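Each remark here refers to the structure printed beneath this line.
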Amino acid sequence: MCQVEEDYNGLECKQEKIPLNRKCVKCKEGTAVLIIRVSDAFCRSCFKEYFIHKFRAMLGKNRVIFPQEKVLLAVSGGAASCSMLSQVLEGLSRDAPKKLRFMPGIIYIDDGGACGRSEEERRRSIDQLKSVFTQTGFPYFIVPLEQVFGLPTSVLVPGVSDPDQSNPSYKQAVDQFIRDRQKLNEEEVARLSVEDSVLYSPEHNLALERLFSSLKTLTAKEDMLQTLRLHLILHVARENGFSKVMMGESCSRLAVRLLSNIALGRGAALASDTGFSDPRYGDVVIVRPMRDYSSKEIAAYCRMFHVPSAFIPGLDTKTHDKASIQRLTESFVTNLQADFPSTVSTIYRTSEKLHTVKPSQSHDTEPASKCLLCLCALDTDMDKASAFHATLVSERLSQIKLQDASHDARRCSEGQGCGTGRCCSSNWLPAHPDLKTLLCYSCGLTIKDMGAVDTLPPYIITEAENRQKRSLMKREISEYLLEDDD
């Protein structure tokens, strides 16, 4: 790996001296107040225009969001998501030259119970963000993470998007919007009531604490937190008719995620985790319009134009660099970016070239072909000669030896039973389903770090049992089923 202090055979990284009083590279008249890169110096007005244009160009180039479509903005309180909210607010204003034509909503997931924050700290953060959300005039939803223990199993079933909607193409949708332009009146705004359901039961709070205390490593905790947060966002979007969800993930954040996901074994899902759109959930599409912005650009924009944001501590706050794989990757990329400014852009441009291999249509519609947690295509169907299959065989053999060591063969041979009831009954089923066959490689590592699988939310356990029952039934009637070729 490259190190900052290496001389590379005498070729040291020479940082150019930036002269003072530079002129703006765009207007050539104003004095530059910000230097994004060595050759990109902007004045205040040109930087604002550049920032806004990049956001509009990203949405216009991809054309994923249609007019009159309901879009849910996932705001965490950080600078990236709050700047995304300000861009949407700017695009919907009357003075905008190219107005945005979708109907936004806001969601904030309060994960204070998983991060160990007190009730007072959580309430203070909610009040701070609530004041920001109220000023926008958009309907907003404040949902505590504890509500994952009340989600239905339908969250883990990918929805089916209707390809033949009322707006078959983007151009026709724009024409329809211009002809039938309708604004939300006061009655409709009142009907879109604000969800302020920040209350949760003490039982759910204890269940959430047990779940994260059962995870042994911070790497598994961060991965589980991201999964549960996405499940909640997906559920709220479906309940309220939102077909798109905007994430405020910057270029720097996606570069760190790409490298950390490779280390976590999520190489098969890199295109979905870092691309502009993520259609893995079917009826709800994840969109990342801030993926062209670096963290430096976002921080400068928020400071120069007073974009309100809130600092909310997370799981990795005040942890050392080697606390988790995600934290170590972030520290590595950040330190390397300080001396080699093209590090993040190089990683980011690599992620743009990745594509997900689409499975066949018959398997794509089956929930069993998706991972139980992240809903990506299963990547565990390997040949018997693969290293992954050899690892599974070793695990099975070690488990069999442990079971044989704890089993009293003498008592079972005498018909007295072993006392556990696991070997003497042919109809015995495990108290909790084995999730290995239902998970991708990365999610399997996360569950492997858990001390007790029964601490998972009930909707995950129920869906796992249903999938295993369907798989068992399919094996029993397999000889009566027709193949796809037939």
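Quick note on naming: the chains in the structure tokens go A, B, ... in the order shown, residues restart at 1 in each chain, and ligands are numbered from 1 in order of appearance.
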| request: Considering only C-alpha atoms, return as a VMD selection string whatever protein or nucleic-acid residues lie within 12 Å of A:Cys46, sequence-local ones (same chain, fewer than 6 positions apart) excluded. | output: chain A and resid 23 to 35 40 52 to 53 301
Only N, CA, C and O atoms, please: the residues just picked out, written as a PDB file, in the first residue's frame.
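Output file out30.pdb follows:
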ATOM      1  N   LYS A  23      -8.055  35.410  -9.199  1.00  0.00           N
ATOM      2  CA  LYS A  23      -9.343  35.747  -9.788  1.00  0.00           C
ATOM      3  C   LYS A  23     -10.162  34.476  -9.993  1.00  0.00           C
ATOM      4  O   LYS A  23      -9.640  33.374 -10.115  1.00  0.00           O
ATOM      5  N   CYS A  24     -11.448  34.670 -10.016  1.00  0.00           N
ATOM      6  CA  CYS A  24     -12.367  33.558 -10.213  1.00  0.00           C
ATOM      7  C   CYS A  24     -12.167  32.971 -11.608  1.00  0.00           C
ATOM      8  O   CYS A  24     -12.046  33.708 -12.602  1.00  0.00           O
ATOM      9  N   VAL A  25     -12.131  31.639 -11.698  1.00  0.00           N
ATOM     10  CA  VAL A  25     -11.894  30.982 -12.982  1.00  0.00           C
ATOM     11  C   VAL A  25     -13.111  31.057 -13.894  1.00  0.00           C
ATOM     12  O   VAL A  25     -12.993  30.805 -15.102  1.00  0.00           O
ATOM     13  N   LYS A  26     -14.249  31.452 -13.357  1.00  0.00           N
ATOM     14  CA  LYS A  26     -15.465  31.481 -14.171  1.00  0.00           C
ATOM     15  C   LYS A  26     -15.773  32.879 -14.678  1.00  0.00           C
ATOM     16  O   LYS A  26     -15.889  33.112 -15.879  1.00  0.00           O
ATOM     17  N   CYS A  27     -15.908  33.819 -13.760  1.00  0.00           N
ATOM     18  CA  CYS A  27     -16.254  35.177 -14.190  1.00  0.00           C
ATOM     19  C   CYS A  27     -15.040  36.019 -14.533  1.00  0.00           C
ATOM     20  O   CYS A  27     -15.180  37.075 -15.170  1.00  0.00           O
ATOM     21  N   LYS A  28     -13.847  35.622 -14.102  1.00  0.00           N
ATOM     22  CA  LYS A  28     -12.585  36.316 -14.392  1.00  0.00           C
ATOM     23  C   LYS A  28     -12.530  37.731 -13.808  1.00  0.00           C
ATOM     24  O   LYS A  28     -11.625  38.491 -14.137  1.00  0.00           O
ATOM     25  N   GLU A  29     -13.476  38.070 -12.948  1.00  0.00           N
ATOM     26  CA  GLU A  29     -13.504  39.425 -12.405  1.00  0.00           C
ATOM     27  C   GLU A  29     -13.407  39.439 -10.890  1.00  0.00           C
ATOM     28  O   GLU A  29     -12.617  40.179 -10.318  1.00  0.00           O
ATOM     29  N   GLY A  30     -14.266  38.642 -10.234  1.00  0.00           N
ATOM     30  CA  GLY A  30     -14.289  38.639  -8.776  1.00  0.00           C
ATOM     31  C   GLY A  30     -13.072  37.959  -8.182  1.00  0.00           C
ATOM     32  O   GLY A  30     -12.420  37.112  -8.794  1.00  0.00           O
ATOM     33  N   THR A  31     -12.776  38.340  -6.953  1.00  0.00           N
ATOM     34  CA  THR A  31     -11.663  37.735  -6.227  1.00  0.00           C
ATOM     35  C   THR A  31     -12.107  36.390  -5.658  1.00  0.00           C
ATOM     36  O   THR A  31     -13.184  36.271  -5.079  1.00  0.00           O
ATOM     37  N   ALA A  32     -11.279  35.400  -5.832  1.00  0.00           N
ATOM     38  CA  ALA A  32     -11.628  34.054  -5.377  1.00  0.00           C
ATOM     39  C   ALA A  32     -11.638  34.000  -3.855  1.00  0.00           C
ATOM     40  O   ALA A  32     -10.723  34.501  -3.194  1.00  0.00           O
ATOM     41  N   VAL A  33     -12.684  33.416  -3.305  1.00  0.00           N
ATOM     42  CA  VAL A  33     -12.797  33.224  -1.857  1.00  0.00           C
ATOM     43  C   VAL A  33     -12.685  31.757  -1.480  1.00  0.00           C
ATOM     44  O   VAL A  33     -12.619  31.426  -0.297  1.00  0.00           O
ATOM     45  N   LEU A  34     -12.657  30.880  -2.474  1.00  0.00           N
ATOM     46  CA  LEU A  34     -12.595  29.448  -2.205  1.00  0.00           C
ATOM     47  C   LEU A  34     -11.839  28.767  -3.327  1.00  0.00           C
ATOM     48  O   LEU A  34     -12.055  29.059  -4.510  1.00  0.00           O
ATOM     49  N   ILE A  35     -10.947  27.866  -2.954  1.00  0.00           N
ATOM     50  CA  ILE A  35     -10.191  27.069  -3.914  1.00  0.00           C
ATOM     51  C   ILE A  35     -10.547  25.613  -3.669  1.00  0.00           C
ATOM     52  O   ILE A  35     -10.118  25.011  -2.688  1.00  0.00           O
ATOM     53  N   ASP A  40      -9.133  25.338  -9.585  1.00  0.00           N
ATOM     54  CA  ASP A  40     -10.533  25.758  -9.483  1.00  0.00           C
ATOM     55  C   ASP A  40     -10.703  26.709  -8.318  1.00  0.00           C
ATOM     56  O   ASP A  40     -10.852  26.293  -7.161  1.00  0.00           O
ATOM     57  N   ILE A  52     -25.186  24.750  -7.242  1.00  0.00           N
ATOM     58  CA  ILE A  52     -26.577  24.490  -7.615  1.00  0.00           C
ATOM     59  C   ILE A  52     -26.650  23.777  -8.960  1.00  0.00           C
ATOM     60  O   ILE A  52     -27.444  22.845  -9.153  1.00  0.00           O
ATOM     61  N   HIS A  53     -25.823  24.209  -9.910  1.00  0.00           N
ATOM     62  CA  HIS A  53     -25.852  23.599 -11.245  1.00  0.00           C
ATOM     63  C   HIS A  53     -25.459  22.123 -11.192  1.00  0.00           C
ATOM     64  O   HIS A  53     -26.037  21.294 -11.912  1.00  0.00           O
ATOM     65  N   TYR A 301     -19.811  25.152   1.333  1.00  0.00           N
ATOM     66  CA  TYR A 301     -21.128  25.699   0.986  1.00  0.00           C
ATOM     67  C   TYR A 301     -21.973  25.944   2.238  1.00  0.00           C
ATOM     68  O   TYR A 301     -22.630  26.984   2.364  1.00  0.00           O
TER      69      TYR A 301
END
For A:Lys130, find every residue with an atom within 9 Å (counting only C-alpha atoms), except residues of its own chain fewer than 5 positions away, and show them as a CSV table (one decimal) with all heavy atoms, in the first residue's frame.
chain,number,residue,atom,x,y,z
A,125,SER,N,-31.6,17.0,20.1
A,125,SER,CA,-31.3,16.8,18.6
A,125,SER,C,-32.6,16.9,17.8
A,125,SER,O,-32.6,17.5,16.7
A,125,SER,CB,-30.6,15.5,18.4
A,125,SER,OG,-29.4,15.5,19.1
A,135,GLN,N,-39.3,25.0,8.9
A,135,GLN,CA,-39.1,26.1,8.0
A,135,GLN,C,-39.2,25.8,6.5
A,135,GLN,O,-39.5,26.6,5.7
A,135,GLN,CB,-37.7,26.7,8.3
A,135,GLN,CG,-37.6,27.3,9.7
A,135,GLN,CD,-36.2,27.9,10.0
A,135,GLN,OE1,-35.3,27.8,9.1
A,135,GLN,NE2,-36.0,28.4,11.2
A,140,TYR,N,-42.7,16.0,7.2
A,140,TYR,CA,-41.6,15.3,7.7
A,140,TYR,C,-42.0,14.2,8.7
A,140,TYR,O,-43.0,14.3,9.3
A,140,TYR,CB,-40.5,16.3,8.4
A,140,TYR,CG,-41.0,17.0,9.6
A,140,TYR,CD1,-40.9,16.5,10.9
A,140,TYR,CD2,-41.6,18.3,9.5
A,140,TYR,CE1,-41.4,17.2,12.0
A,140,TYR,CE2,-42.0,19.0,10.6
A,140,TYR,CZ,-41.9,18.4,11.8
A,140,TYR,OH,-42.4,19.1,12.9
A,142,ILE,N,-40.3,11.9,11.8
A,142,ILE,CA,-39.3,11.6,12.8
A,142,ILE,C,-39.6,10.3,13.4
A,142,ILE,O,-40.5,10.1,14.2
A,142,ILE,CB,-39.2,12.7,13.9
A,142,ILE,CG1,-38.9,14.1,13.2
A,142,ILE,CG2,-38.2,12.4,14.9
A,142,ILE,CD1,-38.9,15.2,14.2
| Residue among A:Ser309, A:Leu378, A:Asp321, A:Lys474 lying closest to A:Ser131, counting only C-alpha atoms |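 Result for the nearest residue to A:Ser131: A:Ser309.
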| Among listed residues A:Ile461, A:Ser214, A:Arg280, A:Arg266, nearest A:Thr380 (using only C-alpha atoms) |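 That would be A:Arg266, the residue with the smallest distance to A:Thr380.
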| Residue nearest A:Leu73 - candidates A:Ile233, A:Ala96, A:Cys43, A:Leu129, atoms counted: only C-alpha atoms |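 Ranked by minimum distance to A:Leu73, first place goes to A:Ile233.
Each of A:Ser39, A:Asn62, A:Asn21, A:Ser345 was compared to A:Ser277 using only C-alpha atoms, and A:Asn62 turns out to be the nearest.
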| message | Could you pull out the alpha helix (DSSP H) residues of stretch 13-97 of chain A, going by DSSP on the backbone, and write them as a PyMOL selection string? | response | chain A and resi 44-62+79-91
| task | Write out as a PyMOL selection string which residues come within 12 Å of A:Glu146 when counting only C-alpha atoms, dropping same-chain ones fewer than 5 positions away. | result | chain A and resi 109-115+151+197-212+225+228-229+231-232+456-457
Only C-alpha atoms, please: the residues just picked out, written as an mmCIF file, in the first residue's frame.
data_model
loop_
_atom_site.group_PDB
_atom_site.id
_atom_site.type_symbol
_atom_site.label_atom_id
_atom_site.label_comp_id
_atom_site.auth_asym_id
_atom_site.auth_seq_id
_atom_site.Cartn_x
_atom_site.Cartn_y
_atom_site.Cartn_z
ATOM 1 C CA ILE A 109 -34.195 8.201 11.872
ATOM 2 C CA ASP A 110 -33.399 8.738 15.552
ATOM 3 C CA ASP A 111 -30.773 6.084 16.300
ATOM 4 C CA GLY A 112 -29.907 7.383 19.760
ATOM 5 C CA GLY A 113 -30.965 4.121 21.404
ATOM 6 C CA ALA A 114 -28.342 2.190 19.445
ATOM 7 C CA CYS A 115 -25.616 4.808 19.971
ATOM 8 C CA LEU A 151 -42.210 -3.669 11.321
ATOM 9 C CA SER A 197 -44.097 9.749 16.472
ATOM 10 C CA VAL A 198 -40.930 9.961 18.516
ATOM 11 C CA LEU A 199 -42.447 7.897 21.308
ATOM 12 C CA TYR A 200 -41.583 4.240 21.700
ATOM 13 C CA SER A 201 -42.268 1.555 24.253
ATOM 14 C CA PRO A 202 -39.689 0.652 26.939
ATOM 15 C CA GLU A 203 -39.823 -2.966 25.728
ATOM 16 C CA HIS A 204 -38.614 -1.932 22.289
ATOM 17 C CA ASN A 205 -35.872 0.174 23.849
ATOM 18 C CA LEU A 206 -34.627 -2.801 25.869
ATOM 19 C CA ALA A 207 -34.844 -5.037 22.798
ATOM 20 C CA LEU A 208 -32.717 -2.588 20.821
ATOM 21 C CA GLU A 209 -30.122 -2.471 23.593
ATOM 22 C CA ARG A 210 -29.997 -6.273 23.720
ATOM 23 C CA LEU A 211 -29.576 -6.440 19.949
ATOM 24 C CA PHE A 212 -26.564 -4.120 19.813
ATOM 25 C CA LEU A 225 -27.396 -0.037 12.157
ATOM 26 C CA LEU A 228 -32.099 -1.377 10.146
ATOM 27 C CA ARG A 229 -32.119 2.306 9.209
ATOM 28 C CA HIS A 231 -35.569 -0.929 6.541
ATOM 29 C CA LEU A 232 -37.291 1.853 8.472
ATOM 30 C CA LEU A 456 -32.997 -9.758 15.970
ATOM 31 C CA PRO A 457 -36.294 -7.941 15.292
#
| Counting only C-alpha atoms, the residue of A:Gly105, A:Gln468, A:Lys216, A:Ser45 that sits nearest A:Ala452 | A:Lys216
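Of the residues under consideration (A:Cys376, A:Met103, A:Val333, A:Leu397), A:Cys376 shows the shortest atom-to-atom contact distance to A:Thr227 when counting only C-alpha atoms.
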